[in-house]
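Visitor: Structure: upload-v8.cif, mmCIF, C-alpha atoms.
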```cif
data_entry
loop_
_atom_site.label_atom_id
_atom_site.label_comp_id
_atom_site.auth_asym_id
_atom_site.auth_seq_id
_atom_site.Cartn_x
_atom_site.Cartn_y
_atom_site.Cartn_z
CA MET A 1 53.84 -70.81 96.66
CA GLN A 2 50.45 -69.55 95.53
CA GLY A 3 49.50 -67.91 92.26
CA THR A 4 46.55 -66.67 90.23
CA VAL A 5 45.54 -68.26 86.93
CA LEU A 6 45.70 -65.67 84.14
CA ALA A 7 44.94 -67.96 81.19
CA GLY A 8 45.36 -71.50 80.01
CA THR A 9 44.80 -74.05 77.28
CA ASN A 10 44.99 -77.83 77.46
CA ASN A 11 47.27 -78.63 80.40
CA TYR A 12 49.36 -75.42 80.42
CA PHE A 13 48.45 -72.32 82.38
CA GLU A 14 49.95 -68.88 82.89
CA ILE A 15 50.20 -68.32 86.64
CA GLU A 16 50.89 -64.94 88.26
CA CYS A 17 52.84 -66.06 91.33
CA ASP A 18 53.20 -64.42 94.72
CA ASP A 19 56.90 -63.70 94.12
CA GLY A 20 56.05 -61.50 91.12
CA VAL A 21 57.06 -64.02 88.46
CA THR A 22 54.53 -65.23 85.88
CA ARG A 23 55.17 -68.92 85.24
CA THR A 24 53.94 -71.41 82.67
CA CYS A 25 52.68 -74.34 84.73
CA SER A 26 51.23 -77.76 84.04
CA ILE A 27 49.01 -79.73 86.40
CA LYS A 28 51.04 -82.26 88.34
CA GLY A 29 49.76 -85.70 87.41
CA LYS A 30 47.51 -83.99 84.79
CA VAL A 31 44.49 -84.38 87.12
CA LEU A 32 43.34 -81.76 89.62
CA LYS A 33 41.15 -82.96 92.46
CA SER A 34 37.71 -81.38 92.32
CA GLU A 35 34.27 -82.15 93.78
CA LYS A 36 32.68 -81.56 90.38
CA GLU A 37 33.66 -82.48 86.84
CA TYR A 38 34.24 -79.52 84.54
CA TYR A 39 34.96 -79.14 80.84
CA ASN A 40 38.13 -77.26 81.87
CA PRO A 41 39.89 -77.81 85.23
CA LEU A 42 40.84 -74.17 85.87
CA ALA A 43 39.57 -70.71 84.96
CA PRO A 44 41.07 -67.22 85.06
CA GLY A 45 40.90 -65.98 88.64
CA ASP A 46 41.54 -69.37 90.23
CA ILE A 47 44.11 -69.47 93.03
CA VAL A 48 46.46 -72.45 92.94
CA GLU A 49 49.41 -73.87 94.85
CA ILE A 50 52.46 -74.46 92.68
CA GLU A 51 55.89 -75.99 92.89
CA GLU A 52 58.64 -74.03 91.15
CA ASP A 53 60.69 -75.88 88.53
CA SER A 54 64.14 -76.63 89.92
CA ILE A 55 65.83 -75.75 86.61
CA ASP A 56 63.69 -73.02 85.00
CA GLU A 57 62.27 -70.42 87.37
CA GLU A 58 59.68 -69.41 84.76
CA LYS A 59 58.06 -72.85 84.87
CA GLY A 60 56.35 -74.90 87.53
CA GLN A 61 53.70 -77.46 88.37
CA ILE A 62 50.24 -76.91 89.84
CA VAL A 63 49.78 -79.22 92.82
CA SER A 64 46.40 -78.09 94.22
CA LEU A 65 43.50 -75.68 93.88
CA VAL A 66 42.65 -73.24 96.67
CA PRO A 67 38.88 -73.46 97.38
CA ARG A 68 37.01 -70.95 95.22
CA LYS A 69 35.09 -68.02 96.70
CA ASN A 70 32.77 -68.35 93.71
CA GLU A 71 32.71 -69.44 90.09
CA PHE A 72 30.81 -68.58 86.94
CA VAL A 73 29.92 -71.43 84.60
CA ARG A 74 27.74 -72.32 81.65
CA TRP A 75 26.77 -75.73 80.29
CA ASN A 76 29.07 -76.79 77.48
CA VAL A 77 26.85 -78.67 75.03
CA LYS A 78 29.71 -80.21 73.08
CA GLY A 79 31.58 -81.39 76.18
CA ARG A 80 28.35 -82.38 77.99
CA CYS A 81 29.51 -80.85 81.27
CA PRO A 82 29.79 -77.39 82.90
CA GLN A 83 32.47 -75.03 81.61
CA LEU A 84 34.28 -72.68 83.98
CA LEU A 85 34.43 -69.10 82.68
CA ALA A 86 35.83 -67.25 85.70
CA ALA A 87 36.54 -67.70 89.41
CA ASN A 88 36.77 -65.58 92.58
CA VAL A 89 35.17 -62.53 90.96
CA ASP A 90 33.63 -59.45 92.56
CA TYR A 91 31.40 -58.60 89.59
CA MET A 92 29.95 -60.39 86.59
CA ILE A 93 29.78 -57.75 83.85
CA LEU A 94 26.99 -58.87 81.51
CA VAL A 95 27.66 -56.97 78.29
CA THR A 96 24.83 -56.47 75.81
CA THR A 97 24.08 -54.08 72.93
CA PRO A 98 20.95 -52.45 71.46
CA THR A 99 22.01 -53.59 67.98
CA GLU A 100 25.10 -54.85 66.10
CA PRO A 101 24.64 -57.63 67.24
CA PRO A 102 20.88 -57.63 67.89
CA PHE A 103 19.57 -57.04 71.40
CA ARG A 104 18.81 -60.37 73.13
CA PRO A 105 17.13 -59.81 76.51
CA ARG A 106 16.56 -63.55 77.12
CA PHE A 107 20.30 -64.09 76.75
CA VAL A 108 20.80 -61.59 79.59
CA ASP A 109 17.99 -63.16 81.64
CA ARG A 110 19.69 -66.56 81.38
CA GLU A 111 22.98 -65.01 82.56
CA LEU A 112 21.13 -63.38 85.46
CA CYS A 113 19.60 -66.72 86.47
CA GLN A 114 23.02 -68.37 86.46
CA ALA A 115 24.42 -65.52 88.57
CA GLU A 116 21.51 -65.81 91.01
CA LEU A 117 22.10 -69.56 91.37
CA LEU A 118 25.81 -69.07 92.05
CA GLY A 119 25.40 -66.09 94.39
CA LEU A 120 27.31 -63.67 92.15
CA THR A 121 26.86 -59.92 91.73
CA PRO A 122 25.84 -59.15 88.13
CA VAL A 123 26.13 -55.74 86.47
CA ILE A 124 24.32 -55.25 83.16
CA VAL A 125 26.31 -53.07 80.76
CA CYS A 126 24.62 -51.88 77.59
CA ASN A 127 27.52 -51.03 75.28
CA LYS A 128 27.02 -49.15 72.00
CA TYR A 129 24.27 -47.17 73.72
CA ASP A 130 24.84 -44.47 71.09
CA LEU A 131 23.02 -46.82 68.66
CA VAL A 132 19.88 -47.18 70.77
CA ASP A 133 17.82 -44.92 68.48
CA GLU A 134 18.69 -47.02 65.44
CA THR A 135 16.69 -50.05 66.55
CA ASP A 136 12.95 -50.70 66.75
CA VAL A 137 13.44 -52.87 69.84
CA ASP A 138 12.44 -51.15 73.08
CA VAL A 139 15.87 -51.55 74.65
CA GLU A 140 15.40 -48.84 77.25
CA ASN A 141 12.24 -50.53 78.51
CA TYR A 142 14.16 -53.72 79.26
CA LEU A 143 17.00 -51.80 80.93
CA GLN A 144 14.50 -50.07 83.21
CA ILE A 145 12.85 -53.41 84.07
CA TRP A 146 16.19 -54.81 85.22
CA GLU A 147 16.92 -51.64 87.20
CA GLU A 148 13.56 -51.84 88.96
CA LEU A 149 14.44 -55.42 89.99
CA GLY A 150 17.54 -54.08 91.75
CA TYR A 151 20.18 -54.92 89.16
CA LYS A 152 22.81 -52.30 88.43
CA VAL A 153 22.60 -51.17 84.81
CA LEU A 154 25.15 -48.99 83.02
CA ARG A 155 24.54 -47.33 79.65
CA ILE A 156 27.89 -46.82 77.98
CA SER A 157 29.64 -46.49 74.63
CA ALA A 158 33.20 -47.52 73.91
CA LYS A 159 32.94 -45.37 70.76
CA THR A 160 31.73 -42.06 72.26
CA GLY A 161 32.98 -42.50 75.84
CA GLU A 162 29.50 -42.17 77.36
CA GLY A 163 29.41 -43.69 80.87
CA ILE A 164 33.02 -44.92 80.77
CA ILE A 165 34.13 -42.89 83.83
CA GLU A 166 31.38 -44.42 86.00
CA PHE A 167 32.29 -47.83 84.60
CA ALA A 168 35.95 -47.35 85.51
CA GLU A 169 35.00 -46.33 89.06
CA LEU A 170 33.02 -49.56 89.45
CA LEU A 171 35.87 -51.75 88.19
CA GLU A 172 38.73 -50.12 90.11
CA ASN A 173 40.36 -52.42 92.71
CA HIS A 174 38.01 -55.29 91.82
CA LEU A 175 38.17 -58.50 89.82
CA SER A 176 35.42 -58.52 87.20
CA ALA A 177 34.56 -60.92 84.39
CA PHE A 178 33.14 -59.64 81.11
CA VAL A 179 30.58 -62.06 79.68
CA GLY A 180 28.38 -61.72 76.60
CA GLN A 181 27.64 -62.86 73.10
CA SER A 182 30.20 -62.41 70.32
CA GLY A 183 30.44 -58.87 68.96
CA VAL A 184 29.09 -56.89 71.93
CA GLY A 185 32.46 -55.16 72.37
CA LYS A 186 34.00 -56.70 75.49
CA SER A 187 37.56 -56.33 74.17
CA SER A 188 36.82 -52.81 72.90
CA LEU A 189 35.76 -51.79 76.40
CA VAL A 190 39.05 -53.04 77.85
CA ASN A 191 40.94 -51.09 75.19
CA VAL A 192 39.04 -47.90 76.08
CA LEU A 193 39.70 -48.32 79.80
CA ASP A 194 43.43 -48.77 79.24
CA ASP A 195 44.70 -47.62 75.84
CA SER A 196 48.04 -49.35 76.45
CA CYS A 197 46.27 -52.74 76.66
CA VAL A 198 45.35 -53.58 73.08
CA LEU A 199 43.10 -56.63 72.79
CA LYS A 200 42.06 -58.00 69.43
CA THR A 201 38.63 -56.84 68.29
CA GLY A 202 36.60 -58.13 65.38
CA SER A 203 33.96 -56.98 62.94
CA LEU A 204 30.45 -58.33 62.82
CA SER A 205 29.42 -61.12 60.52
CA LYS A 206 27.48 -59.42 57.71
CA LYS A 207 25.42 -62.52 57.00
CA TYR A 208 24.12 -63.10 60.51
CA GLY A 209 24.58 -59.70 62.16
CA ARG A 210 26.51 -61.26 65.02
CA GLY A 211 30.09 -61.18 66.13
CA ASN A 212 33.00 -63.35 65.17
CA HIS A 213 34.98 -65.00 67.96
CA THR A 214 38.04 -62.80 68.53
CA THR A 215 38.76 -63.76 72.14
CA THR A 216 39.41 -67.50 71.91
CA LYS A 217 40.23 -68.13 75.57
CA GLY A 218 39.49 -66.40 78.86
CA THR A 219 42.31 -64.13 80.05
CA LEU A 220 42.76 -62.15 83.25
CA ASN A 221 44.21 -58.72 82.46
CA ARG A 222 45.62 -56.30 85.04
CA ILE A 223 44.90 -52.96 83.45
CA GLU A 224 45.94 -49.47 84.51
CA LEU A 225 42.98 -47.16 84.05
CA ASN A 226 43.58 -44.15 81.82
CA THR A 227 44.18 -40.98 83.85
CA SER A 228 41.35 -39.33 81.88
CA LEU A 229 39.03 -41.70 83.77
CA THR A 230 40.56 -41.26 87.22
CA GLY A 231 40.75 -37.49 87.54
CA GLY A 232 44.41 -37.46 86.52
CA VAL A 233 45.52 -39.99 89.16
CA LYS A 234 48.03 -42.56 87.88
CA GLY A 235 48.32 -46.19 88.93
CA ARG A 236 44.63 -47.02 89.41
CA ILE A 237 44.26 -50.74 88.65
CA ALA A 238 41.32 -52.91 87.57
CA SER A 239 41.47 -56.67 87.07
CA ILE A 240 39.34 -57.87 84.18
CA ILE A 241 38.68 -61.38 82.87
CA ASP A 242 37.87 -61.11 79.16
CA THR A 243 35.90 -64.26 78.34
CA PRO A 244 35.32 -65.69 74.85
CA GLY A 245 32.16 -64.55 73.08
CA ILE A 246 29.20 -66.87 73.57
CA ARG A 247 26.55 -67.52 70.94
CA ARG A 248 24.41 -69.82 73.09
CA PHE A 249 24.38 -69.39 76.86
CA VAL A 250 23.04 -72.68 78.21
CA LEU A 251 22.16 -72.80 81.91
CA ASP A 252 23.89 -75.26 84.24
CA GLY A 253 22.38 -76.65 87.42
CA ILE A 254 18.87 -75.21 87.00
CA GLU A 255 15.90 -77.49 86.38
CA ALA A 256 12.85 -76.20 84.54
CA ASP A 257 10.59 -76.54 87.59
CA ASP A 258 13.08 -74.57 89.73
CA LEU A 259 13.65 -71.71 87.29
CA ALA A 260 11.24 -69.35 89.09
CA LEU A 261 13.56 -69.41 92.12
CA TYR A 262 16.09 -67.44 90.09
CA PHE A 263 13.70 -64.74 88.86
CA ARG A 264 13.82 -62.17 91.67
CA GLU A 265 10.24 -61.01 91.32
CA PHE A 266 8.87 -64.58 91.20
CA LYS A 267 10.65 -65.98 94.23
CA PRO A 268 8.63 -64.24 97.02
CA LEU A 269 5.36 -65.58 95.56
CA LEU A 270 6.38 -69.23 95.25
CA GLY A 271 4.35 -71.62 97.39
CA GLN A 272 1.47 -69.16 97.76
CA CYS A 273 -0.53 -70.40 94.75
CA SER A 274 -3.72 -72.40 95.27
CA PHE A 275 -1.90 -75.49 94.05
CA GLY A 276 1.19 -74.74 96.14
CA MET A 277 4.57 -75.76 94.73
CA SER A 278 2.90 -77.96 92.11
CA CYS A 279 1.52 -74.91 90.28
CA THR A 280 2.94 -74.55 86.77
CA HIS A 281 2.22 -70.78 86.69
CA THR A 282 0.73 -71.11 83.20
CA HIS A 283 -3.05 -71.51 83.55
CA GLU A 284 -4.13 -72.41 87.10
CA ALA A 285 -6.79 -70.44 88.98
CA GLY A 286 -5.33 -68.90 92.09
CA CYS A 287 -1.80 -68.70 90.67
CA LYS A 288 -0.05 -65.80 92.41
CA ILE A 289 2.47 -65.45 89.59
CA LEU A 290 -0.26 -64.99 86.97
CA GLU A 291 -2.12 -62.60 89.27
CA ALA A 292 1.09 -60.56 89.62
CA VAL A 293 1.46 -60.46 85.84
CA HIS A 294 -2.13 -59.31 85.35
CA SER A 295 -1.72 -56.58 87.98
CA GLY A 296 1.60 -55.39 86.55
CA VAL A 297 3.72 -56.41 89.55
CA ILE A 298 5.57 -58.83 87.25
CA THR A 299 6.12 -57.44 83.76
CA GLU A 300 4.83 -59.33 80.75
CA GLU A 301 8.34 -59.19 79.27
CA ARG A 302 9.90 -61.04 82.19
CA TYR A 303 7.04 -63.55 82.41
CA ASP A 304 7.44 -64.30 78.71
CA SER A 305 11.18 -64.66 79.23
CA TRP A 306 10.65 -67.08 82.14
CA LEU A 307 8.18 -69.11 80.08
CA ARG A 308 10.52 -69.40 77.09
CA ILE A 309 13.58 -70.27 79.17
CA HIS A 310 11.51 -72.81 81.11
CA ASP A 311 10.56 -74.50 77.84
CA GLN A 312 14.17 -74.37 76.62
CA ILE A 313 15.38 -76.18 79.74
CA ARG A 314 12.53 -78.72 79.54
CA ASP A 315 13.00 -79.44 75.83
CA GLY A 316 16.77 -79.04 75.67
CA THR A 317 16.50 -76.58 72.79
CA TRP A 318 18.49 -73.37 73.15
CA ALA A 319 17.59 -71.23 70.16
CA ASP A 320 18.93 -67.69 69.95
#
```
Represent the supplied structure as structure tokens.
Guide:
Amino acid sequence: MQGTVLAGTNNYFEIECDDGVTRTCSIKGKVLKSEKEYYNPLAPGDIVEIEEDSIDEEKGQIVSLVPRKNEFVRWNVKGRCPQLLAANVDYMILVTTPTEPPFRPRFVDRELCQAELLGLTPVIVCNKYDLVDETDVDVENYLQIWEELGYKVLRISAKTGEGIIEFAELLENHLSAFVGQSGVGKSSLVNVLDDSCVLKTGSLSKKYGRGNHTTTKGTLNRIELNTSLTGGVKGRIASIIDTPGIRRFVLDGIEADDLALYFREFKPLLGQCSFGMSCTHTHEAGCKILEAVHSGVITEERYDSWLRIHDQIRDGTWAD
């Protein structure tokens, strides 16, 4: 039968099977055939074929992987290969905050590039929006830039409830993966959406102003949205993959010279520069990208972000 991966560590995975039973399954032969090598063989959201254990109906073996509709990955520096974070998702929910932990727009831009490469639909969620006036960073300016590029942006607060109803409407009847740095409140958002689903949340590190890892492995949760968010209607379901907090989001599969392909406002101008595709977009006369920056068509913020990420890919240095 088939089943959906809910979570897993090492060679054991929790599989929600078609017959309604959730089974603990290992990979038959401990190796799963795949066209690409990953740090982890399966991710929450994967669909697999399993064989039921002949003795214990709550156990089984995974025999094959159903081809993925899509996948979201990052480069795992320690493992020196891509790491699967989620599979077969409808939305990538890119969670950020204005402060606590500090706002990091380049972190979001890297996530957007990875989503563009993989053909995923990203949604930028600014949690803790009630704190936006407590920071000197022009958070709203960045949010508006992303909106003008066509990305959906939600301004919400798990603490005050601002924007949570609209958020619930987006998530209902879809599979979404929450991705973001440690401390942005991914687990808190799940708890607010369904107060019967209590996920562990953590406080911020006082020394560094960034979150501690409280979600240690990705988990797919089937949550029933609170009736206060659905107009009193019971039984409205959202499927959410709560991924571990990430301190460094390192891109996978994008070369420095190709990065501009994954910046939406850059892509239409590529190849039109005086030096064609060999233009570095940094100093050349007749560079359409630089002309667009000078005329305001491309914002200075996004150009600076592209330049810094380009250098990070080239040099292999991924500073916060």
Visitor: For the structure shown, which residues end up in the PyMOL selection byres ((chain A and resi 104) around 12)? Put them as a ChimeraX atom specification, please?
Guide: /A:94-103,105-111,126,137-139,142-143,180-182,184,210,247-249,305,319-320
Visitor: Please report the interatomic distance between CA of Gly271 in chain A and CA of Glu301 in chain A in Å with one decimal.
Guide: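 The value is 22.3 Å.
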Visitor: Go through A:Glu148, A:Asp242, A:Glu71, A:Asp133 one by one, measure the shortest atom-to-atom distance of each to Gly119 in chain A using all atoms listed in the file, and give the residue with the smallest value.
Guide: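 Smallest distance to Gly119 in chain A is found for A:Glu71.
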Visitor: With only C-alpha atoms as the basis for distance, which of A:Asp315, A:Asp258, A:Glu291, A:Asp90 is at the shortest distance from Cys113 in chain A?
Guide: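 Of A:Asp315, A:Asp258, A:Glu291, A:Asp90, the one nearest Cys113 in chain A, counting only C-alpha atoms, is A:Asp258.
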Visitor: To one decimal place, how far is CA of Trp318 in chain A from CA of Thr219 in chain A in Å?
Guide: 26.5 Å
Visitor: Nearest residue to Gly245 in chain A out of A:Val5, A:Ala115, A:Val293, A:Val179, using all atoms listed in the file?
Guide: A:Val179
Visitor: Quote the spacing between CA of Ala177 in chain A and CA of Val250 in chain A in Å to one decimal place.
Guide: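 According to the coordinates, CA of Ala177 in chain A and CA of Val250 in chain A are separated by 17.6 Å.
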